[in-house]
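Novice: Got a file for you: protein11.cif, mmCIF, C-alpha atoms.
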```cif
data_final
#
loop_
_atom_site.label_atom_id
_atom_site.label_comp_id
_atom_site.auth_asym_id
_atom_site.auth_seq_id
_atom_site.Cartn_x
_atom_site.Cartn_y
_atom_site.Cartn_z
CA MET B 571 117.47 151.71 61.84
CA ALA B 572 119.59 148.95 60.33
CA GLU B 573 118.88 148.01 56.73
CA LYS B 574 116.83 144.88 56.32
CA ARG B 575 118.82 141.89 55.05
CA ASP B 576 117.74 139.56 52.29
CA TYR B 577 115.75 136.65 53.72
CA TYR B 578 117.87 134.05 51.92
CA GLU B 579 120.99 135.71 53.31
CA VAL B 580 119.51 135.64 56.82
CA LEU B 581 118.96 131.87 56.62
CA GLY B 582 122.20 131.27 54.73
CA ILE B 583 120.58 129.44 51.82
CA SER B 584 120.39 129.84 48.07
CA ARG B 585 117.31 131.05 46.20
CA SER B 586 116.83 127.55 44.81
CA ALA B 587 116.75 125.92 48.27
CA SER B 588 114.02 123.34 48.78
CA ALA B 589 111.37 123.58 51.49
CA ASP B 590 113.28 120.99 53.56
CA GLU B 591 116.48 123.01 53.25
CA VAL B 592 114.62 126.15 54.40
CA LYS B 593 113.27 124.31 57.42
CA SER B 594 116.64 122.75 58.26
CA ALA B 595 118.44 126.11 58.05
CA PHE B 596 115.81 127.73 60.29
CA ARG B 597 116.10 124.99 62.91
CA ASN B 598 119.88 125.24 63.09
CA LEU B 599 119.81 129.03 63.46
CA ALA B 600 116.92 128.97 65.93
CA ARG B 601 118.86 126.60 68.18
CA GLN B 602 121.83 128.94 68.03
CA TYR B 603 120.08 132.26 68.67
CA HIS B 604 117.08 131.42 70.84
CA PRO B 605 117.21 133.87 73.80
CA ASP B 606 116.74 131.04 76.31
CA VAL B 607 119.96 129.50 75.02
CA ASN B 608 122.00 132.44 73.72
CA LYS B 609 122.52 135.21 76.27
CA ALA B 610 124.21 137.64 73.83
CA PRO B 611 122.62 141.14 73.83
CA ASP B 612 121.62 140.89 70.15
CA ALA B 613 120.36 137.27 70.31
CA GLU B 614 116.70 138.24 70.56
CA GLU B 615 116.90 140.61 67.56
CA LYS B 616 118.65 137.95 65.46
CA PHE B 617 116.09 135.37 66.52
CA LYS B 618 113.26 137.69 65.39
CA GLU B 619 115.06 138.28 62.08
CA ILE B 620 115.42 134.52 61.55
CA ASN B 621 111.73 133.98 62.34
CA GLU B 622 110.69 136.74 59.95
CA ALA B 623 112.71 135.20 57.14
CA TYR B 624 111.35 131.74 57.85
CA GLY B 625 107.77 133.02 58.07
CA VAL B 626 108.03 134.22 54.47
CA LEU B 627 110.22 131.56 52.86
CA SER B 628 108.33 128.65 54.44
CA ASP B 629 105.06 129.86 52.87
CA ALA B 630 104.93 129.05 49.15
CA ASP B 631 102.75 132.05 48.21
CA LYS B 632 104.71 134.56 50.29
CA ARG B 633 107.99 133.19 48.96
CA ALA B 634 106.82 133.56 45.35
CA ALA B 635 105.73 137.16 46.00
CA TYR B 636 109.03 137.90 47.74
CA ASP B 637 111.06 136.38 44.89
CA ARG B 638 109.18 138.58 42.37
CA PHE B 639 108.73 141.88 44.20
CA GLY B 640 111.12 141.74 47.17
CA PHE B 641 110.06 143.19 50.53
CA SER B 642 107.27 145.18 48.89
CA GLY B 643 105.66 141.90 47.81
CA VAL B 644 105.13 140.91 51.43
CA ASN B 645 102.05 142.56 52.94
CA THR B 646 103.29 142.45 56.53
CA SER B 647 106.73 142.57 58.02
CA GLY B 648 106.95 138.89 57.33
CA MET B 649 106.64 137.88 60.97
CA PRO B 650 104.61 134.68 61.36
CA ASN B 651 101.48 134.70 63.54
CA TYR B 652 102.61 132.64 66.55
CA GLY B 653 99.13 132.68 68.00
CA GLU B 654 98.10 130.39 65.12
CA MET B 655 101.23 128.26 64.92
CA ASP B 656 101.86 124.82 66.52
CA LEU B 657 104.94 125.69 68.54
CA SER B 658 105.59 122.12 69.66
CA ASP B 659 107.48 121.39 66.43
CA LEU B 660 109.54 124.54 66.83
CA PHE B 661 110.61 123.77 70.38
CA GLU B 662 111.21 120.13 69.58
CA SER B 663 113.67 121.29 66.94
CA LEU B 664 115.20 123.80 69.35
CA PHE B 665 115.71 121.58 72.36
CA GLY B 666 115.38 118.03 71.05
CA MET B 667 112.38 117.32 73.31
CA GLY B 668 108.83 116.23 72.73
CA GLY B 669 107.32 119.70 73.04
CA PHE B 670 108.14 122.77 75.04
CA GLY B 671 106.34 121.22 78.02
CA SER B 672 109.64 119.55 78.90
CA MET B 673 111.16 122.96 79.63
CA GLY B 674 108.36 124.99 81.02
CA GLY B 675 105.14 123.07 80.98
CA PHE B 676 103.98 124.48 77.62
CA GLY B 677 102.89 122.81 74.38
CA ARG B 678 101.90 119.14 74.51
CA ALA B 679 101.09 117.84 78.03
CA SER B 680 99.92 114.45 79.22
CA SER B 681 96.44 114.44 80.67
CA ALA B 682 96.37 115.09 84.42
CA ARG B 683 93.20 113.09 84.69
CA GLN B 684 94.86 110.09 83.05
CA ARG B 685 97.74 110.34 85.49
CA TYR B 686 95.37 110.57 88.44
CA ASN B 687 93.28 107.62 87.28
CA ALA B 688 96.19 105.40 86.29
CA PRO B 689 96.40 102.11 88.24
CA ARG B 690 98.89 102.35 91.10
CA HIS B 691 100.50 99.54 93.10
CA GLY B 692 99.70 99.49 96.81
CA ALA B 693 102.44 99.98 99.40
CA ASP B 694 104.13 97.00 101.07
CA ILE B 695 103.73 96.27 104.79
CA ARG B 696 106.54 94.88 106.96
CA SER B 697 106.41 93.16 110.33
CA SER B 698 108.50 90.70 112.34
CA ILE B 699 107.94 87.56 114.42
CA ARG B 700 110.12 85.83 117.03
CA LEU B 701 110.52 82.05 116.85
CA SER B 702 112.08 79.59 119.23
CA PHE B 703 115.15 77.69 118.03
CA GLU B 704 113.07 74.53 117.52
CA GLU B 705 110.33 76.38 115.59
CA ALA B 706 112.92 77.71 113.18
CA VAL B 707 114.34 74.20 112.72
CA PHE B 708 111.11 72.29 112.23
CA GLY B 709 108.76 75.02 111.01
CA ALA B 710 105.50 76.17 112.57
CA GLU B 711 102.15 77.76 111.86
CA LYS B 712 101.79 81.22 113.35
CA GLU B 713 98.97 83.72 113.43
CA VAL B 714 99.98 87.28 112.58
CA GLU B 715 98.07 90.55 112.64
CA ILE B 716 98.07 92.77 109.55
CA THR B 717 96.93 96.37 109.98
CA ARG B 718 96.16 98.09 106.68
CA ASN B 719 93.74 100.39 104.87
CA GLU B 720 90.64 98.77 103.45
CA ARG B 721 87.58 100.04 101.59
CA CYS B 722 85.36 102.02 103.94
CA SER B 723 82.43 99.88 105.02
CA ALA B 724 80.14 102.92 105.36
CA CYS B 725 80.58 104.60 101.96
CA ASP B 726 81.92 101.58 100.04
CA GLY B 727 85.05 103.53 99.15
CA SER B 728 83.39 106.54 97.48
CA GLY B 729 84.42 108.95 100.25
CA ALA B 730 80.94 110.53 100.24
CA GLU B 731 78.51 110.32 103.13
CA PRO B 732 75.99 107.52 102.54
CA GLY B 733 73.01 108.96 100.62
CA THR B 734 75.19 111.47 98.74
CA LYS B 735 77.44 111.25 95.69
CA PRO B 736 80.58 113.02 94.48
CA ILE B 737 79.85 115.92 92.10
CA THR B 738 81.71 117.13 89.02
CA CYS B 739 84.49 119.60 89.80
CA GLN B 740 83.41 123.04 88.60
CA SER B 741 86.96 124.33 88.24
CA CYS B 742 87.97 121.80 85.56
CA LYS B 743 84.49 120.62 84.50
CA GLY B 744 85.44 117.07 85.36
CA GLN B 745 88.56 117.04 83.16
CA GLY B 746 91.05 116.86 86.01
CA GLU B 747 93.18 119.57 84.41
CA ILE B 748 93.06 123.28 83.69
CA ARG B 749 94.71 125.34 80.98
CA GLN B 750 96.64 128.48 81.77
CA VAL B 751 97.48 131.01 79.02
CA HIS B 752 100.82 132.83 79.16
CA ASN B 753 101.73 135.75 76.91
CA THR B 754 105.36 135.72 75.77
CA PHE B 755 107.32 137.51 73.08
CA LEU B 756 106.58 134.49 70.89
CA GLY B 757 102.84 134.85 71.38
CA SER B 758 100.28 133.13 73.58
CA MET B 759 101.25 129.77 75.03
CA VAL B 760 99.05 127.30 76.91
CA GLN B 761 100.19 125.40 79.99
CA VAL B 762 98.20 122.35 81.12
CA VAL B 763 98.32 121.67 84.87
CA THR B 764 96.56 119.37 87.32
CA CYS B 765 93.41 120.94 88.70
CA PRO B 766 94.29 122.23 92.19
CA THR B 767 90.67 122.01 93.34
CA CYS B 768 90.10 118.28 92.80
CA ASN B 769 93.77 117.21 92.52
CA GLY B 770 93.11 115.74 89.07
CA SER B 771 90.18 113.49 89.97
CA GLY B 772 87.58 115.58 88.18
CA LYS B 773 85.19 115.14 91.12
CA MET B 774 84.46 116.86 94.41
CA ILE B 775 82.94 115.49 97.60
CA GLU B 776 80.54 117.99 99.13
CA THR B 777 79.64 115.86 102.16
CA PRO B 778 82.58 113.66 103.21
CA CYS B 779 81.85 110.30 104.81
CA ARG B 780 82.01 110.65 108.59
CA ASN B 781 83.50 107.18 109.00
CA CYS B 782 86.53 107.65 106.72
CA ARG B 783 86.55 111.49 106.51
CA GLY B 784 86.28 111.38 102.76
CA THR B 785 89.29 109.15 102.09
CA GLY B 786 87.22 106.11 101.10
CA LEU B 787 89.47 103.96 103.33
CA GLU B 788 89.42 102.86 106.94
CA ARG B 789 92.08 101.26 109.11
CA LYS B 790 91.45 97.60 109.87
CA THR B 791 93.39 94.77 111.52
CA THR B 792 93.04 91.26 110.16
CA LYS B 793 94.56 87.99 111.34
CA LYS B 794 96.31 85.59 109.00
CA LYS B 795 97.80 82.15 109.58
CA VAL B 796 101.31 81.91 108.17
CA ALA B 797 103.10 78.63 107.51
CA ILE B 798 106.73 79.00 108.62
CA PRO B 799 108.82 76.53 106.56
CA ALA B 800 111.34 74.27 108.28
CA GLY B 801 114.89 75.59 108.21
CA VAL B 802 114.29 79.35 108.30
CA ASP B 803 117.05 81.39 109.86
CA ASP B 804 117.38 84.72 111.60
CA GLY B 805 116.77 87.57 109.14
CA ASN B 806 114.85 85.50 106.57
CA GLN B 807 111.64 86.99 105.18
CA ILE B 808 108.33 85.40 104.26
CA ARG B 809 106.25 87.18 101.61
CA LEU B 810 102.45 87.12 101.54
CA VAL B 811 101.49 88.33 98.07
CA GLY B 812 98.65 90.87 97.93
CA GLU B 813 98.31 91.27 101.69
CA GLY B 814 99.74 94.80 101.78
CA GLN B 815 98.05 98.17 101.29
CA PRO B 816 95.32 98.32 98.61
CA GLY B 817 96.19 99.55 95.13
CA ALA B 818 94.54 102.62 93.61
CA ASN B 819 92.32 102.71 90.52
CA GLY B 820 92.36 98.97 90.09
CA GLY B 821 96.09 98.60 90.74
CA PRO B 822 97.35 95.49 92.60
CA ASN B 823 97.67 95.38 96.37
CA GLY B 824 101.08 95.58 97.94
CA ASN B 825 102.71 92.62 99.69
CA PHE B 826 103.18 91.72 103.36
CA TYR B 827 106.73 90.84 104.47
CA LEU B 828 107.29 88.95 107.72
CA GLU B 829 110.89 89.04 109.02
CA ILE B 830 112.07 86.08 111.11
CA ASN B 831 113.87 86.60 114.42
CA VAL B 832 115.14 83.40 116.13
CA ALA B 833 115.65 83.30 119.88
CA PRO B 834 118.99 81.83 121.12
CA HIS B 835 119.00 78.29 122.53
CA GLN B 836 120.32 77.24 125.93
CA PHE B 837 122.73 74.66 124.45
CA PHE B 838 122.69 74.74 120.65
CA ARG B 839 124.22 77.13 118.16
CA ARG B 840 123.67 77.18 114.43
CA ASP B 841 126.09 77.31 111.52
CA GLY B 842 124.06 77.20 108.31
CA SER B 843 122.34 73.82 108.27
CA ASN B 844 124.56 72.41 111.04
CA ILE B 845 123.80 72.52 114.76
CA LEU B 846 126.76 72.97 117.10
CA LEU B 847 127.03 71.62 120.65
CA ASP B 848 129.95 72.01 123.05
CA LEU B 849 130.41 69.12 125.52
CA GLU B 850 132.69 68.79 128.54
CA ILE B 851 133.96 65.39 129.77
CA ASN B 852 136.35 64.60 132.58
CA MET B 853 139.90 63.25 132.27
CA ALA B 854 138.88 59.70 133.05
CA GLN B 855 136.20 59.68 130.38
CA ALA B 856 138.64 61.08 127.85
CA ALA B 857 141.37 58.55 128.74
CA LEU B 858 139.27 55.43 129.30
CA GLY B 859 136.34 56.17 127.00
CA ASP B 860 132.66 56.21 127.90
CA GLU B 861 129.15 56.16 126.49
CA ILE B 862 127.16 59.26 127.37
CA THR B 863 123.73 60.73 126.63
CA ILE B 864 123.58 64.08 124.82
CA PRO B 865 120.68 66.28 123.62
CA THR B 866 119.68 66.85 119.98
CA VAL B 867 116.71 68.74 118.51
CA ASP B 868 115.16 65.31 117.92
CA GLY B 869 115.64 64.20 121.53
CA ASN B 870 118.41 62.56 123.55
CA VAL B 871 120.81 60.11 121.87
CA ASN B 872 123.79 58.05 123.04
CA LEU B 873 127.30 59.10 122.03
CA ARG B 874 130.32 56.79 122.40
CA ILE B 875 133.52 58.48 123.56
CA PRO B 876 136.44 56.29 122.48
CA PRO B 877 139.46 55.85 124.79
CA GLY B 878 142.16 58.47 124.32
CA THR B 879 139.80 61.20 123.10
CA GLN B 880 141.71 64.48 122.83
CA PRO B 881 140.40 67.98 123.69
CA GLY B 882 138.74 69.62 120.65
CA LYS B 883 137.64 66.34 119.08
CA VAL B 884 134.52 66.83 116.92
CA PHE B 885 131.90 64.11 116.58
CA ARG B 886 129.39 64.24 113.73
CA LEU B 887 125.80 63.13 114.19
CA LYS B 888 124.46 62.68 110.67
CA ASP B 889 121.06 64.20 109.79
CA LYS B 890 120.59 65.70 113.24
CA GLY B 891 120.95 69.27 112.02
CA VAL B 892 118.60 71.80 110.36
CA PRO B 893 116.45 70.92 107.34
CA ILE B 894 117.71 72.66 104.21
CA LEU B 895 115.05 75.05 102.90
CA HIS B 896 112.91 73.62 100.09
CA ARG B 897 114.91 70.37 100.08
CA SER B 898 114.48 66.98 101.74
CA GLU B 899 117.99 67.01 103.24
CA ARG B 900 119.18 67.94 106.72
CA GLY B 901 122.45 69.14 108.09
CA ASN B 902 124.41 67.46 110.89
CA GLN B 903 124.96 68.02 114.57
CA LEU B 904 128.61 68.68 115.37
CA VAL B 905 129.63 67.90 118.95
CA THR B 906 132.93 69.39 120.13
CA VAL B 907 134.44 67.62 123.16
CA ASN B 908 136.44 69.58 125.71
CA VAL B 909 138.30 67.82 128.56
CA GLN B 910 137.63 69.40 131.93
CA ILE B 911 140.68 69.80 134.17
CA PRO B 912 139.60 69.91 137.83
CA THR B 913 140.63 72.95 139.86
CA SER B 914 140.10 71.29 143.25
CA LEU B 915 140.58 67.64 144.24
CA SER B 916 139.73 65.53 147.24
CA LYS B 917 142.54 63.84 149.20
CA GLU B 918 141.71 60.48 147.63
CA GLN B 919 141.73 61.97 144.11
CA GLU B 920 145.11 63.61 144.71
CA GLU B 921 146.61 60.30 145.85
CA LEU B 922 145.22 58.47 142.85
CA LEU B 923 146.52 61.05 140.40
CA GLU B 924 149.95 61.08 142.05
CA ALA B 925 150.14 57.30 141.72
CA LEU B 926 149.06 57.57 138.08
CA GLY B 927 151.57 60.31 137.42
CA LYS B 928 154.45 58.19 138.71
CA THR B 929 153.58 55.43 136.28
CA MET B 930 153.48 57.86 133.37
CA GLY B 931 156.81 59.50 134.04
CA THR B 932 157.77 63.17 134.12
CA ASP B 933 159.39 63.61 130.71
CA ILE B 934 158.13 66.61 128.71
CA LYS B 935 157.71 66.09 124.99
CA ILE B 936 158.26 69.11 122.79
CA GLN B 937 155.68 68.96 120.01
CA GLU B 938 157.18 69.21 116.57
CA ARG B 939 155.69 71.49 113.99
CA SER B 940 153.26 69.74 111.72
CA PHE B 941 154.03 68.74 108.16
CA PHE B 942 151.52 71.26 106.84
CA ASP B 943 153.13 74.11 108.79
CA LYS B 944 156.46 73.25 107.16
CA ILE B 945 154.86 73.23 103.71
CA LYS B 946 153.29 76.61 104.40
CA ASP B 947 156.70 78.07 105.35
CA ALA B 948 158.25 76.65 102.17
CA PHE B 949 155.71 78.39 99.93
CA SER B 950 155.80 81.68 101.86
CA GLY B 951 159.55 81.92 101.34
#
```
Taking this structure as input, can you express it in the form of structure tokens?

Specialist:
Amino acid sequence: MAEKRDYYEVLGISRSASADEVKSAFRNLARQYHPDVNKAPDAEEKFKEINEAYGVLSDADKRAAYDRFGFSGVNTSGMPNYGEMDLSDLFESLFGMGGFGSMGGFGRASSARQRYNAPRHGADIRSSIRLSFEEAVFGAEKEVEITRNERCSACDGSGAEPGTKPITCQSCKGQGEIRQVHNTFLGSMVQVVTCPTCNGSGKMIETPCRNCRGTGLERKTTKKKVAIPAGVDDGNQIRLVGEGQPGANGGPNGNFYLEINVAPHQFFRRDGSNILLDLEINMAQAALGDEITIPTVDGNVNLRIPPGTQPGKVFRLKDKGVPILHRSERGNQLVTVNVQIPTSLSKEQEELLEALGKTMGTDIKIQERSFFDKIKDAFSG
């Protein structure tokens, strides 16, 4: 058997070391040699030796007896009684955590019943609605159905059959948690866990409500009128606060989110707050000009086509677009004119076009590159 070393030598301190120095030395060595951290074959023996030294030198009376009489002045081997010690401080110093519970569920533990009874936010509900193009532009009022859990009308949310009440859980005596004792080489340790019988509620339902099967909730569908603001677009969401699933233990309800889907229009397209319309006119209208009637979301309006209008010309109709969300402004309607070239002509039309063609000549004009194209080439090298 190896000869016992001096306790001061074991902790690496002088005989005049203060109580704080004793504690600090113990913590440093305990971190280094704890068997859960140090896997060396002799780590456990060294850890026991360190604990024995600390158990004597941390006690003023035992330290005084040891200083005067040596090992014979200590009645026991010097090992501290771990069954009577608060190990949370030890493991906090070993692992830098608020109690050994962080590593294995031992030591200090938050109350399972408090966790179970803590207010919890209800889940959100999501749905979608399809709007016409005009409804998205001008807004609308729609009725939507919301299916969610609500307090059971039969048991008023208790989960117990009417005429009965929940009883106290006998496994945890209403505490919502149970304590399990584990014997380790360091002594007895207590682990606090959620009661598996009542799942932390502290109560049991002997006769579950037949309507909700003991859940305290039943599925219900309610109808709500939703104001769709003018200017919504495909993919936008409208939030109804508190219309989601109910919260638990007094927690707030979740929210209801309604996603907007907009049906395509026969003529119009949308670009942000602008409405786009493609329009075809014939060659005569483009050359001579005309006044035509075109559709807008506000109704038909007259549009003047000036003589000599070229294909691709864009006309802007101010304030005939989509209202800008949460503002009093509207976008514009942009009308793009395309000139229709006929693919088949009557005999009279052919003769007229031939006569017109003779007056216009047959010279072909090669279009020069634009000024901006030349600038672009200059900067690109």

Novice: Mind giving me the straight-line distance from atom CA of B:Ala797 to atom CA of B:Thr717 in Å, one decimal?

Specialist: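 We find that atom CA of B:Ala797 and atom CA of B:Thr717 lie 18.9 Å from each other.
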
Novice: For this file, the PyMOL selection byres ((chain B and resi 619) around 10) selects which residues, as a PDB file with C-alpha atoms, in the coordinates of the input?

Specialist:
```
ATOM      1  CA  LYS B 574     116.830 144.880  56.320  1.00  0.00           C
ATOM      2  CA  ARG B 575     118.820 141.890  55.050  1.00  0.00           C
ATOM      3  CA  TYR B 577     115.750 136.650  53.720  1.00  0.00           C
ATOM      4  CA  VAL B 580     119.510 135.640  56.820  1.00  0.00           C
ATOM      5  CA  LEU B 581     118.960 131.870  56.620  1.00  0.00           C
ATOM      6  CA  ALA B 613     120.360 137.270  70.310  1.00  0.00           C
ATOM      7  CA  GLU B 614     116.700 138.240  70.560  1.00  0.00           C
ATOM      8  CA  GLU B 615     116.900 140.610  67.560  1.00  0.00           C
ATOM      9  CA  LYS B 616     118.650 137.950  65.460  1.00  0.00           C
ATOM     10  CA  PHE B 617     116.090 135.370  66.520  1.00  0.00           C
ATOM     11  CA  LYS B 618     113.260 137.690  65.390  1.00  0.00           C
ATOM     12  CA  ILE B 620     115.420 134.520  61.550  1.00  0.00           C
ATOM     13  CA  ASN B 621     111.730 133.980  62.340  1.00  0.00           C
ATOM     14  CA  GLU B 622     110.690 136.740  59.950  1.00  0.00           C
ATOM     15  CA  ALA B 623     112.710 135.200  57.140  1.00  0.00           C
ATOM     16  CA  TYR B 624     111.350 131.740  57.850  1.00  0.00           C
ATOM     17  CA  GLY B 625     107.770 133.020  58.070  1.00  0.00           C
ATOM     18  CA  GLY B 648     106.950 138.890  57.330  1.00  0.00           C
ATOM     19  CA  MET B 649     106.640 137.880  60.970  1.00  0.00           C
TER      20      MET B 649
END
```

Novice: Which polymer residues, protein or nucleic acid, are no farther than 12 Å from (88.2, 118.9, 94.2), counting only C-alpha atoms, as a PyMOL selection string?

Specialist: chain B and resi 736-747+764-776+778+784

Novice: Can you spell out as a PyMOL selection string the set of residues that the PyMOL selection byres ((chain B and resi 821) around 9) selects in the structure I just provided?

Specialist: chain B and resi 688-692+816-820+822-823

Novice: Mind giving me the straight-line distance from atom CA of B:Val892 to atom CA of B:Val867 in Å, one decimal?

Specialist: 8.9 Å

Novice: Is it possible to get the residues within 12 Å of (118.6, 72.6, 108.7) (coordinates as in the file, counting only C-alpha atoms) written as an NGL selection string?

Specialist: :B and (703-709 or 799-803 or 839-846 or 867 or 888-903)

Novice: Calculated over all atoms listed in the file, which of the candidates B:Cys779, B:Ala856, B:Ile699, B:Val751 has the smallest distance to B:Gly729?

Specialist: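 Checking each of B:Cys779, B:Ala856, B:Ile699, B:Val751 against B:Gly729, counting all atoms listed in the file, the winner is B:Cys779.
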
Novice: Would you please work out which residue, of B:Met930, B:Ala857, B:Cys782, B:Ile695, is nearest to B:Cys722 when using all atoms listed in the file?

Specialist: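 Of B:Met930, B:Ala857, B:Cys782, B:Ile695, the one nearest B:Cys722, counting all atoms listed in the file, is B:Cys782.
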
Novice: So that I can check the surroundings of B:Asp631, please list as a list in words every protein, DNA and RNA residue that reaches within 12 Å of it, counting all atoms listed in the file and ignoring chain neighbours fewer than 6 positions away.

Specialist: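 My reading of the contact set: Gly625, Asp637, Arg638, Gly643, Val644 and Asn645 of chain B.
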
Novice: For atom CA of B:Arg597 and atom CA of B:Ser642, quote the distance in Å rounded to one decimal.

Specialist: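 Atom CA of B:Arg597 sits 26.1 Å away from atom CA of B:Ser642.
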